[in-house]
file start13.pdb (PDB, C-alpha atoms)
MODEL        1
ATOM      1  CA  MET A   1     -67.054 238.719 228.650  1.00  0.00           C
ATOM      2  CA  VAL A   2     -68.589 238.745 225.222  1.00  0.00           C
ATOM      3  CA  THR A   3     -67.307 241.410 222.916  1.00  0.00           C
ATOM      4  CA  GLY A   4     -68.202 242.057 219.329  1.00  0.00           C
ATOM      5  CA  SER A   5     -65.522 242.135 216.662  1.00  0.00           C
ATOM      6  CA  SER A   6     -64.747 245.470 215.100  1.00  0.00           C
ATOM      7  CA  SER A   7     -65.526 243.805 211.777  1.00  0.00           C
ATOM      8  CA  SER A   8     -69.069 243.164 212.872  1.00  0.00           C
ATOM      9  CA  ALA A   9     -71.503 245.465 211.144  1.00  0.00           C
ATOM     10  CA  TRP A  10     -73.751 245.758 214.125  1.00  0.00           C
ATOM     11  CA  SER A  11     -71.388 245.587 217.086  1.00  0.00           C
ATOM     12  CA  ALA A  12     -69.954 248.989 216.235  1.00  0.00           C
ATOM     13  CA  ALA A  13     -73.158 250.529 217.523  1.00  0.00           C
ATOM     14  CA  SER A  14     -72.964 248.736 220.855  1.00  0.00           C
ATOM     15  CA  GLU A  15     -73.135 251.004 223.841  1.00  0.00           C
ATOM     16  CA  CYS A  16     -74.606 249.478 226.943  1.00  0.00           C
ATOM     17  CA  TYR A  17     -73.357 246.633 229.057  1.00  0.00           C
ATOM     18  CA  LEU A  18     -75.235 244.262 231.304  1.00  0.00           C
ATOM     19  CA  ASP A  19     -73.972 241.173 233.118  1.00  0.00           C
ATOM     20  CA  GLY A  20     -70.681 241.375 231.237  1.00  0.00           C
ATOM     21  CA  VAL A  21     -72.405 240.967 227.874  1.00  0.00           C
ATOM     22  CA  GLU A  22     -72.159 243.711 225.334  1.00  0.00           C
ATOM     23  CA  ARG A  23     -75.674 244.826 224.448  1.00  0.00           C
ATOM     24  CA  ASP A  24     -76.207 245.875 220.884  1.00  0.00           C
ATOM     25  CA  PRO A  25     -79.258 248.015 220.113  1.00  0.00           C
ATOM     26  CA  VAL A  26     -79.901 246.192 216.835  1.00  0.00           C
ATOM     27  CA  ILE A  27     -79.770 242.802 218.536  1.00  0.00           C
ATOM     28  CA  GLU A  28     -81.945 244.107 221.362  1.00  0.00           C
ATOM     29  CA  GLU A  29     -84.567 245.048 218.753  1.00  0.00           C
ATOM     30  CA  TYR A  30     -84.426 241.555 217.243  1.00  0.00           C
ATOM     31  CA  LYS A  31     -84.710 240.031 220.718  1.00  0.00           C
ATOM     32  CA  LYS A  32     -88.167 241.537 221.128  1.00  0.00           C
ATOM     33  CA  HIS A  33     -89.389 239.134 218.454  1.00  0.00           C
ATOM     34  CA  VAL A  34     -87.801 235.966 219.841  1.00  0.00           C
ATOM     35  CA  ASP A  35     -90.411 233.425 220.954  1.00  0.00           C
ATOM     36  CA  ARG A  36     -89.141 232.725 224.455  1.00  0.00           C
ATOM     37  CA  THR A  37     -91.808 230.114 225.146  1.00  0.00           C
ATOM     38  CA  LEU A  38     -90.018 227.777 222.698  1.00  0.00           C
ATOM     39  CA  LEU A  39     -86.695 228.439 224.385  1.00  0.00           C
ATOM     40  CA  ARG A  40     -88.130 227.755 227.847  1.00  0.00           C
ATOM     41  CA  GLU A  41     -89.541 224.448 226.619  1.00  0.00           C
ATOM     42  CA  ASN A  42     -86.178 223.514 225.098  1.00  0.00           C
ATOM     43  CA  LEU A  43     -84.334 224.380 228.287  1.00  0.00           C
ATOM     44  CA  LYS A  44     -86.429 221.782 230.128  1.00  0.00           C
ATOM     45  CA  LEU A  45     -85.050 219.047 227.831  1.00  0.00           C
ATOM     46  CA  THR A  46     -81.778 217.154 228.034  1.00  0.00           C
ATOM     47  CA  VAL A  47     -79.122 217.844 225.409  1.00  0.00           C
ATOM     48  CA  GLU A  48     -79.890 214.514 223.764  1.00  0.00           C
ATOM     49  CA  GLN A  49     -83.607 215.320 223.590  1.00  0.00           C
ATOM     50  CA  ARG A  50     -82.785 218.663 221.970  1.00  0.00           C
ATOM     51  CA  LEU A  51     -80.640 216.932 219.349  1.00  0.00           C
ATOM     52  CA  ARG A  52     -83.317 214.292 218.713  1.00  0.00           C
ATOM     53  CA  ASN A  53     -85.846 217.095 218.151  1.00  0.00           C
ATOM     54  CA  LEU A  54     -83.426 218.733 215.736  1.00  0.00           C
ATOM     55  CA  MET A  55     -83.078 215.488 213.769  1.00  0.00           C
ATOM     56  CA  GLU A  56     -86.877 215.206 213.542  1.00  0.00           C
ATOM     57  CA  LEU A  57     -87.065 218.787 212.316  1.00  0.00           C
ATOM     58  CA  GLN A  58     -84.402 218.101 209.692  1.00  0.00           C
ATOM     59  CA  LYS A  59     -86.320 215.049 208.447  1.00  0.00           C
ATOM     60  CA  LEU A  60     -89.552 217.026 208.280  1.00  0.00           C
ATOM     61  CA  SER A  61     -87.821 219.828 206.380  1.00  0.00           C
ATOM     62  CA  GLU A  62     -86.404 217.284 203.938  1.00  0.00           C
ATOM     63  CA  GLU A  63     -89.814 215.674 203.386  1.00  0.00           C
ATOM     64  CA  LEU A  64     -91.437 219.044 202.763  1.00  0.00           C
ATOM     65  CA  ARG A  65     -88.727 219.989 200.310  1.00  0.00           C
ATOM     66  CA  ARG A  66     -89.159 216.665 198.512  1.00  0.00           C
ATOM     67  CA  ALA A  67     -92.923 217.108 198.399  1.00  0.00           C
ATOM     68  CA  GLY A  68     -92.506 220.582 196.951  1.00  0.00           C
ATOM     69  CA  ARG A  69     -90.415 219.179 194.102  1.00  0.00           C
ATOM     70  CA  LYS A  70     -92.987 216.532 193.094  1.00  0.00           C
ATOM     71  CA  PRO A  71     -94.867 217.354 189.894  1.00  0.00           C
ATOM     72  CA  ARG A  72     -98.430 218.437 190.576  1.00  0.00           C
TER      73      ARG A  72
ATOM     74  CA  MET B   1     -80.250 215.303 204.082  1.00  0.00           C
ATOM     75  CA  SER B   2     -80.489 215.144 207.851  1.00  0.00           C
ATOM     76  CA  VAL B   3     -77.592 214.591 210.228  1.00  0.00           C
ATOM     77  CA  ASP B   4     -77.359 211.309 212.131  1.00  0.00           C
ATOM     78  CA  TYR B   5     -75.926 212.818 215.323  1.00  0.00           C
ATOM     79  CA  ALA B   6     -75.803 209.548 217.229  1.00  0.00           C
ATOM     80  CA  ARG B   7     -73.653 207.871 214.577  1.00  0.00           C
ATOM     81  CA  PHE B   8     -71.655 211.007 213.869  1.00  0.00           C
ATOM     82  CA  PHE B   9     -70.597 211.400 217.502  1.00  0.00           C
ATOM     83  CA  ALA B  10     -69.968 207.659 217.864  1.00  0.00           C
ATOM     84  CA  VAL B  11     -67.726 207.687 214.796  1.00  0.00           C
ATOM     85  CA  LEU B  12     -65.691 210.728 215.829  1.00  0.00           C
ATOM     86  CA  CYS B  13     -65.418 209.896 219.525  1.00  0.00           C
ATOM     87  CA  GLY B  14     -64.747 206.226 218.736  1.00  0.00           C
ATOM     88  CA  GLY B  15     -61.987 207.314 216.391  1.00  0.00           C
ATOM     89  CA  GLY B  16     -60.373 209.480 219.063  1.00  0.00           C
ATOM     90  CA  VAL B  17     -60.903 212.688 217.063  1.00  0.00           C
ATOM     91  CA  GLU B  18     -60.394 215.900 219.028  1.00  0.00           C
ATOM     92  CA  PHE B  19     -63.152 218.279 217.993  1.00  0.00           C
ATOM     93  CA  ILE B  20     -65.440 221.013 219.292  1.00  0.00           C
ATOM     94  CA  LEU B  21     -69.077 221.286 218.332  1.00  0.00           C
ATOM     95  CA  VAL B  22     -69.806 224.805 217.056  1.00  0.00           C
ATOM     96  CA  GLY B  23     -72.370 226.594 214.875  1.00  0.00           C
ATOM     97  CA  GLY B  24     -76.059 225.838 214.646  1.00  0.00           C
ATOM     98  CA  THR B  25     -75.870 222.435 216.299  1.00  0.00           C
ATOM     99  CA  ALA B  26     -74.044 223.936 219.271  1.00  0.00           C
ATOM    100  CA  ALA B  27     -76.825 226.535 219.412  1.00  0.00           C
ATOM    101  CA  ASN B  28     -79.385 223.713 219.539  1.00  0.00           C
ATOM    102  CA  VAL B  29     -77.432 222.074 222.349  1.00  0.00           C
ATOM    103  CA  HIS B  30     -77.875 225.318 224.296  1.00  0.00           C
ATOM    104  CA  GLY B  31     -81.619 225.334 223.601  1.00  0.00           C
ATOM    105  CA  SER B  32     -82.007 227.140 220.287  1.00  0.00           C
ATOM    106  CA  ALA B  33     -85.216 226.394 218.397  1.00  0.00           C
ATOM    107  CA  ARG B  34     -83.711 227.200 214.998  1.00  0.00           C
ATOM    108  CA  LEU B  35     -83.258 224.583 212.323  1.00  0.00           C
ATOM    109  CA  THR B  36     -79.767 223.780 211.131  1.00  0.00           C
ATOM    110  CA  GLN B  37     -79.078 221.209 208.430  1.00  0.00           C
ATOM    111  CA  VAL B  38     -75.338 220.888 209.009  1.00  0.00           C
ATOM    112  CA  VAL B  39     -73.093 219.774 211.826  1.00  0.00           C
ATOM    113  CA  ASP B  40     -70.140 222.133 212.278  1.00  0.00           C
ATOM    114  CA  ILE B  41     -67.031 221.056 214.112  1.00  0.00           C
ATOM    115  CA  VAL B  42     -63.646 222.621 214.736  1.00  0.00           C
ATOM    116  CA  TYR B  43     -61.046 219.862 214.579  1.00  0.00           C
ATOM    117  CA  ARG B  44     -57.619 220.119 216.196  1.00  0.00           C
ATOM    118  CA  ARG B  45     -54.942 220.925 213.637  1.00  0.00           C
ATOM    119  CA  SER B  46     -52.310 218.393 214.611  1.00  0.00           C
ATOM    120  CA  ARG B  47     -50.968 215.800 212.201  1.00  0.00           C
ATOM    121  CA  GLU B  48     -52.182 213.005 214.473  1.00  0.00           C
ATOM    122  CA  ASN B  49     -55.677 214.393 214.824  1.00  0.00           C
ATOM    123  CA  VAL B  50     -56.041 215.116 211.127  1.00  0.00           C
ATOM    124  CA  ALA B  51     -55.119 211.467 210.483  1.00  0.00           C
ATOM    125  CA  ARG B  52     -57.764 210.380 213.001  1.00  0.00           C
ATOM    126  CA  LEU B  53     -60.391 212.629 211.392  1.00  0.00           C
ATOM    127  CA  VAL B  54     -59.589 211.250 207.950  1.00  0.00           C
ATOM    128  CA  ALA B  55     -59.769 207.659 209.191  1.00  0.00           C
ATOM    129  CA  ALA B  56     -63.023 208.238 211.075  1.00  0.00           C
ATOM    130  CA  LEU B  57     -64.978 209.963 208.292  1.00  0.00           C
ATOM    131  CA  GLY B  58     -63.344 208.084 205.418  1.00  0.00           C
ATOM    132  CA  PRO B  59     -65.876 205.204 205.346  1.00  0.00           C
ATOM    133  CA  PHE B  60     -68.747 207.708 204.997  1.00  0.00           C
ATOM    134  CA  ASP B  61     -67.787 209.009 201.548  1.00  0.00           C
ATOM    135  CA  PRO B  62     -66.900 212.624 202.347  1.00  0.00           C
ATOM    136  CA  TYR B  63     -67.091 214.833 199.269  1.00  0.00           C
ATOM    137  CA  LEU B  64     -67.119 218.593 198.789  1.00  0.00           C
ATOM    138  CA  ARG B  65     -70.671 219.844 199.203  1.00  0.00           C
ATOM    139  CA  GLY B  66     -71.945 221.686 196.152  1.00  0.00           C
ATOM    140  CA  ALA B  67     -69.003 220.642 193.984  1.00  0.00           C
ATOM    141  CA  PRO B  68     -69.869 219.267 190.552  1.00  0.00           C
ATOM    142  CA  PRO B  69     -69.859 215.462 190.433  1.00  0.00           C
ATOM    143  CA  GLY B  70     -66.577 214.125 189.186  1.00  0.00           C
ATOM    144  CA  LEU B  71     -64.492 216.985 190.535  1.00  0.00           C
ATOM    145  CA  PRO B  72     -61.322 215.338 191.810  1.00  0.00           C
ATOM    146  CA  PHE B  73     -61.264 215.351 195.585  1.00  0.00           C
ATOM    147  CA  ARG B  74     -59.205 213.048 197.727  1.00  0.00           C
ATOM    148  CA  TRP B  75     -60.156 212.668 201.371  1.00  0.00           C
ATOM    149  CA  ASP B  76     -56.742 212.099 202.863  1.00  0.00           C
ATOM    150  CA  ALA B  77     -54.548 213.635 205.565  1.00  0.00           C
ATOM    151  CA  GLU B  78     -52.476 215.611 203.065  1.00  0.00           C
ATOM    152  CA  THR B  79     -55.563 217.249 201.559  1.00  0.00           C
ATOM    153  CA  ILE B  80     -56.857 218.241 204.986  1.00  0.00           C
ATOM    154  CA  TRP B  81     -53.449 219.463 206.102  1.00  0.00           C
ATOM    155  CA  ARG B  82     -53.035 221.646 202.992  1.00  0.00           C
ATOM    156  CA  GLY B  83     -56.545 223.034 203.380  1.00  0.00           C
ATOM    157  CA  LEU B  84     -58.341 224.332 206.448  1.00  0.00           C
ATOM    158  CA  ASN B  85     -62.138 224.466 206.316  1.00  0.00           C
ATOM    159  CA  PHE B  86     -64.098 221.815 204.435  1.00  0.00           C
ATOM    160  CA  THR B  87     -67.821 221.844 203.731  1.00  0.00           C
ATOM    161  CA  LEU B  88     -68.679 218.224 203.122  1.00  0.00           C
ATOM    162  CA  LYS B  89     -71.519 215.929 202.339  1.00  0.00           C
ATOM    163  CA  THR B  90     -71.152 212.518 203.938  1.00  0.00           C
ATOM    164  CA  ALA B  91     -73.271 209.437 204.489  1.00  0.00           C
ATOM    165  CA  LEU B  92     -73.795 210.749 208.044  1.00  0.00           C
ATOM    166  CA  GLY B  93     -75.180 214.050 206.749  1.00  0.00           C
ATOM    167  CA  PRO B  94     -73.675 217.420 205.834  1.00  0.00           C
ATOM    168  CA  VAL B  95     -70.545 218.163 207.863  1.00  0.00           C
ATOM    169  CA  ASP B  96     -68.468 221.344 208.064  1.00  0.00           C
ATOM    170  CA  ALA B  97     -65.016 220.345 209.283  1.00  0.00           C
ATOM    171  CA  LEU B  98     -63.340 223.608 210.239  1.00  0.00           C
ATOM    172  CA  GLY B  99     -59.743 224.278 211.158  1.00  0.00           C
ATOM    173  CA  GLU B 100     -60.640 227.773 212.382  1.00  0.00           C
ATOM    174  CA  ILE B 101     -63.654 229.991 212.838  1.00  0.00           C
ATOM    175  CA  ALA B 102     -63.891 233.784 212.589  1.00  0.00           C
ATOM    176  CA  GLY B 103     -63.669 235.443 215.963  1.00  0.00           C
ATOM    177  CA  GLY B 104     -62.638 232.249 217.702  1.00  0.00           C
ATOM    178  CA  GLY B 105     -59.549 230.798 216.072  1.00  0.00           C
ATOM    179  CA  GLY B 106     -58.722 227.128 216.126  1.00  0.00           C
ATOM    180  CA  TYR B 107     -59.281 224.235 218.499  1.00  0.00           C
ATOM    181  CA  ASP B 108     -56.610 225.251 221.001  1.00  0.00           C
ATOM    182  CA  GLU B 109     -57.907 228.821 221.268  1.00  0.00           C
ATOM    183  CA  LEU B 110     -61.499 227.659 221.648  1.00  0.00           C
ATOM    184  CA  LEU B 111     -60.887 224.864 224.153  1.00  0.00           C
ATOM    185  CA  ALA B 112     -61.044 227.168 227.192  1.00  0.00           C
ATOM    186  CA  HIS B 113     -64.501 228.269 226.036  1.00  0.00           C
ATOM    187  CA  THR B 114     -66.091 224.845 225.847  1.00  0.00           C
ATOM    188  CA  LEU B 115     -68.154 222.645 228.089  1.00  0.00           C
ATOM    189  CA  GLU B 116     -68.445 218.898 228.038  1.00  0.00           C
ATOM    190  CA  ILE B 117     -71.867 217.553 227.192  1.00  0.00           C
ATOM    191  CA  GLU B 118     -73.172 214.021 227.121  1.00  0.00           C
ATOM    192  CA  ALA B 119     -75.417 212.751 224.352  1.00  0.00           C
ATOM    193  CA  PHE B 120     -75.994 209.385 222.712  1.00  0.00           C
ATOM    194  CA  GLY B 121     -73.547 207.795 225.138  1.00  0.00           C
ATOM    195  CA  GLN B 122     -70.674 210.077 224.116  1.00  0.00           C
ATOM    196  CA  ARG B 123     -68.935 212.924 225.852  1.00  0.00           C
ATOM    197  CA  ILE B 124     -68.555 215.849 223.479  1.00  0.00           C
ATOM    198  CA  ARG B 125     -66.860 219.237 223.732  1.00  0.00           C
ATOM    199  CA  CYS B 126     -69.274 222.024 222.789  1.00  0.00           C
ATOM    200  CA  LEU B 127     -68.611 225.746 222.496  1.00  0.00           C
ATOM    201  CA  ASP B 128     -70.127 227.575 225.454  1.00  0.00           C
ATOM    202  CA  LEU B 129     -73.002 229.987 224.942  1.00  0.00           C
ATOM    203  CA  ARG B 130     -71.059 233.197 225.481  1.00  0.00           C
ATOM    204  CA  LYS B 131     -68.330 232.241 223.006  1.00  0.00           C
ATOM    205  CA  LEU B 132     -70.947 231.061 220.540  1.00  0.00           C
ATOM    206  CA  ILE B 133     -72.539 234.514 220.675  1.00  0.00           C
ATOM    207  CA  GLU B 134     -69.123 236.108 220.238  1.00  0.00           C
ATOM    208  CA  VAL B 135     -68.233 234.107 217.133  1.00  0.00           C
ATOM    209  CA  LYS B 136     -71.681 234.587 215.602  1.00  0.00           C
ATOM    210  CA  ARG B 137     -71.271 238.326 216.090  1.00  0.00           C
ATOM    211  CA  ALA B 138     -67.777 238.200 214.619  1.00  0.00           C
ATOM    212  CA  ALA B 139     -69.098 236.431 211.528  1.00  0.00           C
ATOM    213  CA  GLY B 140     -71.044 239.646 210.928  1.00  0.00           C
ATOM    214  CA  ARG B 141     -73.522 238.101 208.508  1.00  0.00           C
ATOM    215  CA  PRO B 142     -76.969 239.690 208.329  1.00  0.00           C
ATOM    216  CA  LYS B 143     -78.552 236.220 208.606  1.00  0.00           C
ATOM    217  CA  ASP B 144     -76.886 235.830 212.007  1.00  0.00           C
ATOM    218  CA  LEU B 145     -78.738 238.787 213.535  1.00  0.00           C
ATOM    219  CA  GLU B 146     -81.742 236.664 214.455  1.00  0.00           C
ATOM    220  CA  ALA B 147     -79.535 233.807 215.606  1.00  0.00           C
ATOM    221  CA  VAL B 148     -77.543 236.112 217.904  1.00  0.00           C
ATOM    222  CA  ALA B 149     -80.764 237.594 219.274  1.00  0.00           C
ATOM    223  CA  GLU B 150     -82.050 234.112 220.091  1.00  0.00           C
ATOM    224  CA  LEU B 151     -78.743 233.079 221.707  1.00  0.00           C
ATOM    225  CA  GLU B 152     -78.734 236.213 223.853  1.00  0.00           C
ATOM    226  CA  ALA B 153     -82.329 235.485 224.845  1.00  0.00           C
ATOM    227  CA  LEU B 154     -81.165 232.000 225.844  1.00  0.00           C
ATOM    228  CA  LEU B 155     -78.415 233.570 227.915  1.00  0.00           C
ATOM    229  CA  ASP B 156     -81.056 235.653 229.693  1.00  0.00           C
ATOM    230  CA  GLU B 157     -83.362 232.667 230.168  1.00  0.00           C
ATOM    231  CA  SER B 158     -80.619 230.435 231.515  1.00  0.00           C
ATOM    232  CA  GLY B 159     -79.564 233.052 234.030  1.00  0.00           C
ATOM    233  CA  GLY B 160     -76.587 234.415 232.069  1.00  0.00           C
TER     234      GLY B 160
ENDMDL
END
call {"tool": "encode", "arguments": {"input": "start13.pdb", "output": "structure tokens"}}
result
Amino acid sequence: MVTGSSSSAWSAASECYLDGVERDPVIEEYKKHVDRTLLRENLKLTVEQRLRNLMELQKLSEELRRAGRKPR
Amino acid sequence: MSVDYARFFAVLCGGGVEFILVGGTAANVHGSARLTQVVDIVYRRSRENVARLVAALGPFDPYLRGAPPGLPFRWDAETIWRGLNFTLKTALGPVDALGEIAGGGGYDELLAHTLEIEAFGQRIRCLDLRKLIEVKRAAGRPKDLEAVAELEALLDESGG
């Protein structure tokens, strides 16, 4: 079972339970904005493919950051 | 700097280091689409394992991330033993080597909440999705709200 810590700012407001997972109204609100299509695509991949995608994303992020620092 | 996961896992597993993958990379293992720039691990706090961790990462120039250049820092077993959580930059990429995490404890407490994954020819212990959600919630940082929401969505999508 997943339980929030009493130190958590948002878990204190948790009330409802489903499938053994504490449901927090704040988190539930955030969940409405999660792009599940991306998650479904990721879940079709192997763990290694997911990590390779992450590495590509990190490289892209680094290149963009570098480009942003170049004098215009 | 990006993380070279293939080399990182080969180095740690090859060196016999007992560790658990946690944090953003563990979230990606479970299907998260969020970008993380760091690999977080919880290493077992035994003298033997600390020595193995030091030997494994030693050749990759570990240094405190964000510390001013020239600040004395010695990557050795005594330093790790006297400390606990180290945020490092290494030649393999940024690494957070953690002795404990909030809401989860250390390696021995977390072990029952892990699953074994296979990637890049290595078998790696990774924190399971439910525990990952629990520790992210325990961290209680506002920036984790979106991450927790995504992880819970993943739990829904993967059938809980």
call {"tool": "atom_distance", "arguments": {"input": "start13.pdb", "atom1": "CA of Ala97 (chain B)", "atom2": "CA of Val54 (chain B)"}}
result
10.7 Å
call {"tool": "resolve_selection", "arguments": {"input": "start13.pdb", "expression": "the PyMOL selection byres ((chain B and resi 88-96) around 8)", "output": "list in words"}}
result
Met1, Ser2, Val3, Asp4, Tyr5, Arg7, Phe8, Gln37, Val38, Val39, Asp40, Ile41, Leu57, Phe60, Asp61, Pro62, Tyr63, Leu64, Arg65, Asn85, Phe86, Thr87, Ala97 and Leu98 of chain B
call {"tool": "closest_residue", "arguments": {"input": "start13.pdb", "among": "B:Ala33, B:Ala56, B:Leu129, B:Val148", "to": "Lys31 (chain A)", "atoms": "all atoms listed in the file"}}
result
B:Val148
call {"tool": "resolve_selection", "arguments": {"input": "start13.pdb", "expression": "the PyMOL selection byres ((chain A and resi 58) around 10)", "output": "ChimeraX atom specification"}}
result
/A:52-57,59-64 /B:1-3,35-38
call {"tool": "write_last_selection", "arguments": {"input": "start13.pdb", "atoms": "C-alpha atoms", "output": "PDB file, in the coordinates of the input"}}
result
ATOM      1  CA  ARG A  52     -83.317 214.292 218.713  1.00  0.00           C
ATOM      2  CA  ASN A  53     -85.846 217.095 218.151  1.00  0.00           C
ATOM      3  CA  LEU A  54     -83.426 218.733 215.736  1.00  0.00           C
ATOM      4  CA  MET A  55     -83.078 215.488 213.769  1.00  0.00           C
ATOM      5  CA  GLU A  56     -86.877 215.206 213.542  1.00  0.00           C
ATOM      6  CA  LEU A  57     -87.065 218.787 212.316  1.00  0.00           C
ATOM      7  CA  LYS A  59     -86.320 215.049 208.447  1.00  0.00           C
ATOM      8  CA  LEU A  60     -89.552 217.026 208.280  1.00  0.00           C
ATOM      9  CA  SER A  61     -87.821 219.828 206.380  1.00  0.00           C
ATOM     10  CA  GLU A  62     -86.404 217.284 203.938  1.00  0.00           C
ATOM     11  CA  GLU A  63     -89.814 215.674 203.386  1.00  0.00           C
ATOM     12  CA  LEU A  64     -91.437 219.044 202.763  1.00  0.00           C
TER      13      LEU A  64
ATOM     14  CA  MET B   1     -80.250 215.303 204.082  1.00  0.00           C
ATOM     15  CA  SER B   2     -80.489 215.144 207.851  1.00  0.00           C
ATOM     16  CA  VAL B   3     -77.592 214.591 210.228  1.00  0.00           C
ATOM     17  CA  LEU B  35     -83.258 224.583 212.323  1.00  0.00           C
ATOM     18  CA  THR B  36     -79.767 223.780 211.131  1.00  0.00           C
ATOM     19  CA  GLN B  37     -79.078 221.209 208.430  1.00  0.00           C
ATOM     20  CA  VAL B  38     -75.338 220.888 209.009  1.00  0.00           C
TER      21      VAL B  38
END
call {"tool": "resolve_selection", "arguments": {"input": "start13.pdb", "expression": "the PyMOL selection byres ((chain A and resi 34) around 8)", "output": "list in words"}}
result
Tyr30, Lys31, Lys32, His33, Asp35 and Arg36 of chain A; Ala149, Glu150 and Ala153 of chain B
call {"tool": "residues_near_point", "arguments": {"input": "start13.pdb", "point": "(-57.3, 212.6, 214.7)", "cutoff": "7 Å", "atoms": "only C-alpha atoms", "output": "number ranges by chain"}}
result
B: 16-18, 48-53
call {"tool": "atom_distance", "arguments": {"input": "start13.pdb", "atom1": "CA of Leu43 (chain A)", "atom2": "CA of Arg123 (chain B)"}}
result
19.3 Å
call {"tool": "atom_distance", "arguments": {"input": "start13.pdb", "atom1": "CA of Asp108 (chain B)", "atom2": "CA of Arg44 (chain B)"}}
result
7.1 Å
call {"tool": "interface_residues", "arguments": {"input": "start13.pdb", "of": "chain B", "to": "chain A", "cutoff": "10 Å", "atoms": "all atoms listed in the file", "output": "PyMOL selection string"}}
result
chain B and resi 1-6+25-26+28-38+102-103+117-121+129-142+144-160
call {"tool": "write_last_selection", "arguments": {"input": "start13.pdb", "atoms": "C-alpha atoms", "output": "short mmCIF file (atom, residue, chain, number, x, y, z; two decimals), keeping the file's coordinate frame"}}
result
data_model
loop_
_atom_site.label_atom_id
_atom_site.label_comp_id
_atom_site.auth_asym_id
_atom_site.auth_seq_id
_atom_site.Cartn_x
_atom_site.Cartn_y
_atom_site.Cartn_z
CA MET B 1 -80.25 215.30 204.08
CA SER B 2 -80.49 215.14 207.85
CA VAL B 3 -77.59 214.59 210.23
CA ASP B 4 -77.36 211.31 212.13
CA TYR B 5 -75.93 212.82 215.32
CA ALA B 6 -75.80 209.55 217.23
CA THR B 25 -75.87 222.44 216.30
CA ALA B 26 -74.04 223.94 219.27
CA ASN B 28 -79.39 223.71 219.54
CA VAL B 29 -77.43 222.07 222.35
CA HIS B 30 -77.88 225.32 224.30
CA GLY B 31 -81.62 225.33 223.60
CA SER B 32 -82.01 227.14 220.29
CA ALA B 33 -85.22 226.39 218.40
CA ARG B 34 -83.71 227.20 215.00
CA LEU B 35 -83.26 224.58 212.32
CA THR B 36 -79.77 223.78 211.13
CA GLN B 37 -79.08 221.21 208.43
CA VAL B 38 -75.34 220.89 209.01
CA ALA B 102 -63.89 233.78 212.59
CA GLY B 103 -63.67 235.44 215.96
CA ILE B 117 -71.87 217.55 227.19
CA GLU B 118 -73.17 214.02 227.12
CA ALA B 119 -75.42 212.75 224.35
CA PHE B 120 -75.99 209.38 222.71
CA GLY B 121 -73.55 207.80 225.14
CA LEU B 129 -73.00 229.99 224.94
CA ARG B 130 -71.06 233.20 225.48
CA LYS B 131 -68.33 232.24 223.01
CA LEU B 132 -70.95 231.06 220.54
CA ILE B 133 -72.54 234.51 220.68
CA GLU B 134 -69.12 236.11 220.24
CA VAL B 135 -68.23 234.11 217.13
CA LYS B 136 -71.68 234.59 215.60
CA ARG B 137 -71.27 238.33 216.09
CA ALA B 138 -67.78 238.20 214.62
CA ALA B 139 -69.10 236.43 211.53
CA GLY B 140 -71.04 239.65 210.93
CA ARG B 141 -73.52 238.10 208.51
CA PRO B 142 -76.97 239.69 208.33
CA ASP B 144 -76.89 235.83 212.01
CA LEU B 145 -78.74 238.79 213.54
CA GLU B 146 -81.74 236.66 214.46
CA ALA B 147 -79.54 233.81 215.61
CA VAL B 148 -77.54 236.11 217.90
CA ALA B 149 -80.76 237.59 219.27
CA GLU B 150 -82.05 234.11 220.09
CA LEU B 151 -78.74 233.08 221.71
CA GLU B 152 -78.73 236.21 223.85
CA ALA B 153 -82.33 235.48 224.84
CA LEU B 154 -81.17 232.00 225.84
CA LEU B 155 -78.42 233.57 227.92
CA ASP B 156 -81.06 235.65 229.69
CA GLU B 157 -83.36 232.67 230.17
CA SER B 158 -80.62 230.44 231.52
CA GLY B 159 -79.56 233.05 234.03
CA GLY B 160 -76.59 234.42 232.07
#
call {"tool": "axis_aligned_box", "arguments": {"input": "start13.pdb", "around": "region 104-116 of chain B", "padding_each_side": "8 Å", "output": "AutoDock Vina command-line options"}}
result
--center_x -62.5 --center_y 225.6 --center_z 222.1 --size_x 27.8 --size_y 29.4 --size_z 28.0
call {"tool": "build_atoms", "arguments": {"input": "start13.pdb", "residues": "region 113-118 of chain B", "atoms": "N, CA, C and O atoms", "output": "CSV table (one decimal), in the coordinates of the input"}}
result
chain,number,residue,atom,x,y,z
B,113,HIS,N,-63.1,227.7,226.1
B,113,HIS,CA,-64.5,228.3,226.0
B,113,HIS,C,-65.5,227.2,225.7
B,113,HIS,O,-66.5,227.4,225.0
B,114,THR,N,-65.2,226.0,226.1
B,114,THR,CA,-66.1,224.8,225.8
B,114,THR,C,-66.6,224.2,227.1
B,114,THR,O,-66.1,224.5,228.2
B,115,LEU,N,-67.7,223.5,227.0
B,115,LEU,CA,-68.2,222.6,228.1
B,115,LEU,C,-68.3,221.2,227.6
B,115,LEU,O,-68.5,221.0,226.3
B,116,GLU,N,-68.3,220.3,228.5
B,116,GLU,CA,-68.4,218.9,228.0
B,116,GLU,C,-69.9,218.5,228.2
B,116,GLU,O,-70.5,218.7,229.3
B,117,ILE,N,-70.5,218.0,227.1
B,117,ILE,CA,-71.9,217.6,227.2
B,117,ILE,C,-71.9,216.1,227.0
B,117,ILE,O,-70.9,215.5,226.5
B,118,GLU,N,-73.0,215.4,227.4
B,118,GLU,CA,-73.2,214.0,227.1
B,118,GLU,C,-74.4,213.8,226.3
B,118,GLU,O,-75.5,214.3,226.6
